[in-house]
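Worksheet for the structure shown next.
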Amino acid sequence: MLMTKIYQPDEVDQAAQELRLGELIAFPTETVYGLGADATNEQAVKRVYLAKGRPSDNPLIVTISSVAMAEQYIAEIPPTARKLIAKFWPGSLTMVFKIKPGSLSKTVTGGLKTAAFRMPQEPTTLRLIEAAGVPLVGPSANTSGKPSPTTAQHVFNDLEGRIAGIVDDGPTKVGVESTILDMSVPVPTILRPGAVTVEEIEAVLGMEVVADRHHVGQKEVPKAPGMKYKHYAPAGQVVIVAPDQWEAALKWAQAKAEKVGVMVDQSLLDQQTIPANVEVFDYGSGITNATHKLFAGLRYFDGQAKKVNWILVAGYPEEGLGAAYMNRLRKSAGNVFFSDLED
């Protein structure tokens with residue numbers, strides 16, 4: 001078993017040396033913590049799949065510190081993508097491009113002729129990549145299928161002994177993974193919603209983009225992470241509750257002989273009686289706070305001290321940032337809504 005070291009932001013040179021040696025280092029971004037390995041080292045990349053327990057046909061995002069670094073691997077960056085890079089890089093937008101033949105291992109791409117690239121906003125991680133001198137693969141630094149990590153402690157809880165280190169730069173700011181936009185097709189297509197919204201992308205491009213909502217088949221290789229397998233799920237069953245269903249949901253919870261977790265803006269429950277067996281994780285007000293705290297709340301009720309069998313979570317309209325929030329929440333819940341339990 002490895003000793004997993006915690007690195008501070010001023011120790012990135014030491015962490016970068018571990019990456020050059022083929023070790024795995026978790027790093028902070030503004031969205032969630034990523035699990036880094038040298039993207040040009042096939043053996044190191046294979047260890048990422050092993051550490052996470054991740055299916056090998058689930059491609060990895062290539063995390064870069066500059067456009068010049070990305071251009072070493074991308075076949076062509078079209079003018080539309082250049083506009084988006086100017087606006088959103090560094091930031092929470094990942095873009096899929098066709099790559100130069102043989103430039104990246106099939107272990108990174110899942111055997112596809114495309115790869116996803118992202119330049120995160122987190123200065124500590126940009127310094128880490130620059131010091132390593134290579135792009136990093138950067139899937140979320142958690143056990144595959146579990147809620148993504150938004151603190152270094154979350155990473156440590158999942159991957160202690162499996163990775164060499166974690167660069168700790170505090171809690172993430174956004175709380176859900178980046179938007180993934182496919183630029184390898186004629187019409188730009190959202191493969192995964194995130195903090196950069198459809199409306200923001202369309203405003204820059206001056207054209208409509210489409211959302212890929214098709215179900216990825218059992219034998220089909222997804223173009224981006226999070227499209228095929230169950231994600232973000234704690235041990236307990238997550239249930240999505242619409243704003244007008246909380247009175248009924250709390251009565252349902254009260255009838256349980258066990259503790260029930262609730263994740264919601266506390267103000268929505270001010271007119272309700274909270275049953276003794278219900279514990280509330282307060283999101284705070286609005287979709288931005290809900291998105292920021294979603295994974296933290298799921299992990300709160302998944303910990304040994306608080307583990308519950310049922311977690312009732314507030315649903316939001318699927319527009320703007322709400323599209324990213326509900327995308328993650330639907331996957332976490334397996335699309336189970338409170339209305340399904342009432343039938």
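Scheme for the structure tokens: letters A, B, ... for chains in order shown; per-chain residue numbers from 1; ligand numbers from 1 in order shown.
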Inset, instruction - Name the residues in contact with segment 113-127 of chain A at a cut-off of 8 Å, using only C-alpha atoms, excluding same-chain residues fewer than 6 positions from it; report them as a ChimeraX atom specification. - result: /A:9,12,27-30,59-66,70,89-99,101,169,180,184,223-224
Legend entry - DSSP-assigned helix (DSSP H, G or I) members of segment 35-245 of chain A, reported as a VMD selection string: chain A and resid 42 to 52 67 to 71 79 to 88 106 to 109 123 to 132 152 to 159 198 to 205 243 to 245
Inset, instruction - Would you work out the distance separating atom CA of Gly111 of chain A from atom CA of Val187 of chain A, expressed in Å to one decimal? - result: 22.6 Å
Inset, instruction - Return the single residue from A:Val45, A:Ile77, A:Ile311, A:Ala51 that is closest to Glu258 of chain A, with distances computed using only C-alpha atoms. - result: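 Among the listed residues, A:Ile311 lies closest to Glu258 of chain A.
Look at Ala324 of chain A: the protein and nucleic acid residues within 7 Å of it, using only C-alpha atoms and passing over chain neighbours fewer than 4 places away, are Pro193, Gly194, Ala195 and Arg328 of chain A.
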Could the residues in this selection be saved with N, CA, C and O atoms as a compact mmCIF listing (two decimals), in the first residue's frame?
```txt
# COMPACT_ATOMS: atom_id res chain seq x y z
N PRO A 193 -23.60 18.52 -19.52
CA PRO A 193 -23.78 19.90 -19.08
C PRO A 193 -22.91 20.20 -17.86
O PRO A 193 -22.57 19.31 -17.08
N GLY A 194 -22.54 21.45 -17.72
CA GLY A 194 -21.71 21.86 -16.58
C GLY A 194 -21.89 23.33 -16.28
O GLY A 194 -22.90 23.94 -16.66
N ALA A 195 -20.88 23.95 -15.65
CA ALA A 195 -20.99 25.33 -15.21
C ALA A 195 -21.05 26.32 -16.37
O ALA A 195 -21.64 27.39 -16.25
N ARG A 328 -26.42 15.59 -12.92
CA ARG A 328 -25.71 14.81 -11.90
C ARG A 328 -26.69 14.16 -10.93
O ARG A 328 -26.52 12.99 -10.54
```
Inset, instruction - For Ala333 of chain A, list every protein, DNA or RNA residue within 7 Å, evaluated using only C-alpha atoms, and leave out those in the same chain fewer than 5 positions away; present the list as a ChimeraX atom specification. - result: /A:233,237-239
Would you mind exporting C-alpha atoms of the selected residues as a PDB file, in the first residue's frame?
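Result went into selection.pdb, see below:
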```
ATOM      1  CA  ALA A 233     -24.191   7.467  -6.310  1.00  0.00           C
ATOM      2  CA  GLN A 237     -31.060   5.501  -2.604  1.00  0.00           C
ATOM      3  CA  VAL A 238     -31.290   9.112  -3.757  1.00  0.00           C
ATOM      4  CA  VAL A 239     -34.810  10.403  -4.465  1.00  0.00           C
TER       5      VAL A 239
END
```
Inset, instruction - Would you mind listing what lies within 8 Å of Lys52 of chain A as a VMD selection string, with only C-alpha atoms counted and same-chain residues fewer than 4 positions away left out? - result: chain A and resid 48 141 to 144 159
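Proximity of A:Gly236, A:Gly334, A:Gly170, A:Gly315 to Gln8 of chain A, computed with only C-alpha atoms, is greatest for A:Gly170.
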Inset, instruction - Would you kindly return, as a PyMOL selection string, each protein, DNA or RNA residue with an atom no farther than 10 Å from any atom of Glu200 of chain A, considering only C-alpha atoms and excluding same-chain residues fewer than 4 positions away? - result: chain A and resi 84+87-88+195-196+204-206+320
Write the residues of the selection above to a file with N, CA, C and O atoms, as a PDB file, in the first residue's frame.
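Full text of again14.pdb as output:
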```pdb
ATOM      1  N   LEU A  84     -14.311  29.906 -28.474  1.00  0.00           N
ATOM      2  CA  LEU A  84     -14.651  29.380 -27.157  1.00  0.00           C
ATOM      3  C   LEU A  84     -13.425  29.340 -26.256  1.00  0.00           C
ATOM      4  O   LEU A  84     -13.520  29.621 -25.043  1.00  0.00           O
ATOM      5  N   LYS A  87     -12.769  32.702 -24.789  1.00  0.00           N
ATOM      6  CA  LYS A  87     -13.744  33.096 -23.767  1.00  0.00           C
ATOM      7  C   LYS A  87     -13.663  32.232 -22.508  1.00  0.00           C
ATOM      8  O   LYS A  87     -13.750  32.750 -21.390  1.00  0.00           O
ATOM      9  N   PHE A  88     -13.477  30.916 -22.670  1.00  0.00           N
ATOM     10  CA  PHE A  88     -13.688  30.002 -21.538  1.00  0.00           C
ATOM     11  C   PHE A  88     -12.438  29.258 -21.054  1.00  0.00           C
ATOM     12  O   PHE A  88     -12.519  28.526 -20.072  1.00  0.00           O
ATOM     13  N   ALA A 195     -20.878  23.946 -15.651  1.00  0.00           N
ATOM     14  CA  ALA A 195     -20.990  25.331 -15.208  1.00  0.00           C
ATOM     15  C   ALA A 195     -21.047  26.315 -16.369  1.00  0.00           C
ATOM     16  O   ALA A 195     -21.639  27.387 -16.253  1.00  0.00           O
ATOM     17  N   VAL A 196     -20.412  25.981 -17.493  1.00  0.00           N
ATOM     18  CA  VAL A 196     -20.557  26.798 -18.690  1.00  0.00           C
ATOM     19  C   VAL A 196     -21.837  26.344 -19.384  1.00  0.00           C
ATOM     20  O   VAL A 196     -21.947  25.206 -19.833  1.00  0.00           O
ATOM     21  N   VAL A 204     -21.491  33.038 -27.566  1.00  0.00           N
ATOM     22  CA  VAL A 204     -20.155  33.216 -28.144  1.00  0.00           C
ATOM     23  C   VAL A 204     -20.138  32.787 -29.607  1.00  0.00           C
ATOM     24  O   VAL A 204     -19.562  33.465 -30.462  1.00  0.00           O
ATOM     25  N   LEU A 205     -20.781  31.664 -29.913  1.00  0.00           N
ATOM     26  CA  LEU A 205     -20.740  31.112 -31.271  1.00  0.00           C
ATOM     27  C   LEU A 205     -21.716  31.796 -32.223  1.00  0.00           C
ATOM     28  O   LEU A 205     -21.548  31.729 -33.439  1.00  0.00           O
ATOM     29  N   GLY A 206     -22.769  32.405 -31.671  1.00  0.00           N
ATOM     30  CA  GLY A 206     -23.794  32.993 -32.528  1.00  0.00           C
ATOM     31  C   GLY A 206     -24.582  31.951 -33.280  1.00  0.00           C
ATOM     32  O   GLY A 206     -25.080  32.205 -34.382  1.00  0.00           O
ATOM     33  N   GLY A 320     -30.173  26.638 -17.571  1.00  0.00           N
ATOM     34  CA  GLY A 320     -28.962  27.272 -17.064  1.00  0.00           C
ATOM     35  C   GLY A 320     -28.117  26.281 -16.282  1.00  0.00           C
ATOM     36  O   GLY A 320     -27.919  25.139 -16.703  1.00  0.00           O
TER      37      GLY A 320
END
```
So that I can check the secondary structure, give me every residue of segment 126-250 of chain A assigned strand (DSSP E or B) by backbone DSSP, as a PDB file with C-alpha atoms, in the first residue's frame.
```pdb
ATOM      1  CA  LEU A 136      -2.349  14.972 -17.385  1.00  0.00           C
ATOM      2  CA  VAL A 137      -5.361  12.717 -17.592  1.00  0.00           C
ATOM      3  CA  SER A 140     -12.582  12.885 -10.934  1.00  0.00           C
ATOM      4  CA  GLY A 165      -0.402  12.157  -3.234  1.00  0.00           C
ATOM      5  CA  ILE A 166      -3.041  14.876  -3.204  1.00  0.00           C
ATOM      6  CA  VAL A 167      -2.454  18.582  -3.822  1.00  0.00           C
ATOM      7  CA  THR A 179     -19.227  21.120 -19.467  1.00  0.00           C
ATOM      8  CA  ILE A 180     -18.150  18.785 -22.289  1.00  0.00           C
ATOM      9  CA  LEU A 181     -18.704  20.106 -25.817  1.00  0.00           C
ATOM     10  CA  ASP A 182     -18.025  17.923 -28.863  1.00  0.00           C
ATOM     11  CA  THR A 189     -22.876  19.104 -29.283  1.00  0.00           C
ATOM     12  CA  ILE A 190     -23.136  19.144 -25.490  1.00  0.00           C
ATOM     13  CA  LEU A 191     -22.153  15.697 -24.198  1.00  0.00           C
ATOM     14  CA  ARG A 192     -22.291  16.694 -20.527  1.00  0.00           C
ATOM     15  CA  VAL A 210     -27.399  20.564 -29.549  1.00  0.00           C
ATOM     16  CA  ALA A 211     -27.526  18.327 -26.495  1.00  0.00           C
ATOM     17  CA  GLN A 237     -31.060   5.501  -2.604  1.00  0.00           C
ATOM     18  CA  VAL A 238     -31.290   9.112  -3.757  1.00  0.00           C
ATOM     19  CA  VAL A 239     -34.810  10.403  -4.465  1.00  0.00           C
ATOM     20  CA  ILE A 240     -35.514  13.661  -6.334  1.00  0.00           C
ATOM     21  CA  VAL A 241     -38.216  15.824  -4.744  1.00  0.00           C
TER      22      VAL A 241
END
```
Inset, instruction - Rounded to one decimal place, report the atom CA of Glu202 of chain A-atom CA of Val174 of chain A distance in Å. - result: 20.9 Å
Legend entry - Given only C-alpha atoms as the counted atoms, nearest of A:Phe295, A:Phe338, A:Tyr316, A:Phe301 to Leu250 of chain A: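 Counting only C-alpha atoms, the residue closest to Leu250 of chain A is A:Phe338.
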Legend entry - Top pick for closest residue to Asn41 of chain A, considering A:Gly322, A:Pro135, A:Pro147, A:Pro55 and counting only C-alpha atoms: A:Pro135
Inset, instruction - May I ask which of the residues A:Ala253, A:Leu104, A:Gly286, A:Ala296 is the closest one to Pro317 of chain A, counting only C-alpha atoms? - result: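 Under the stated criterion, the closest residue is A:Gly286.
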Legend entry - Closest of A:Asp244, A:Val67, A:Ile129, A:Pro275 to Gln14 of chain A - atom-to-atom distances counting only C-alpha atoms: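 Among the listed residues, the smallest separation from Gln14 of chain A belongs to A:Ile129.
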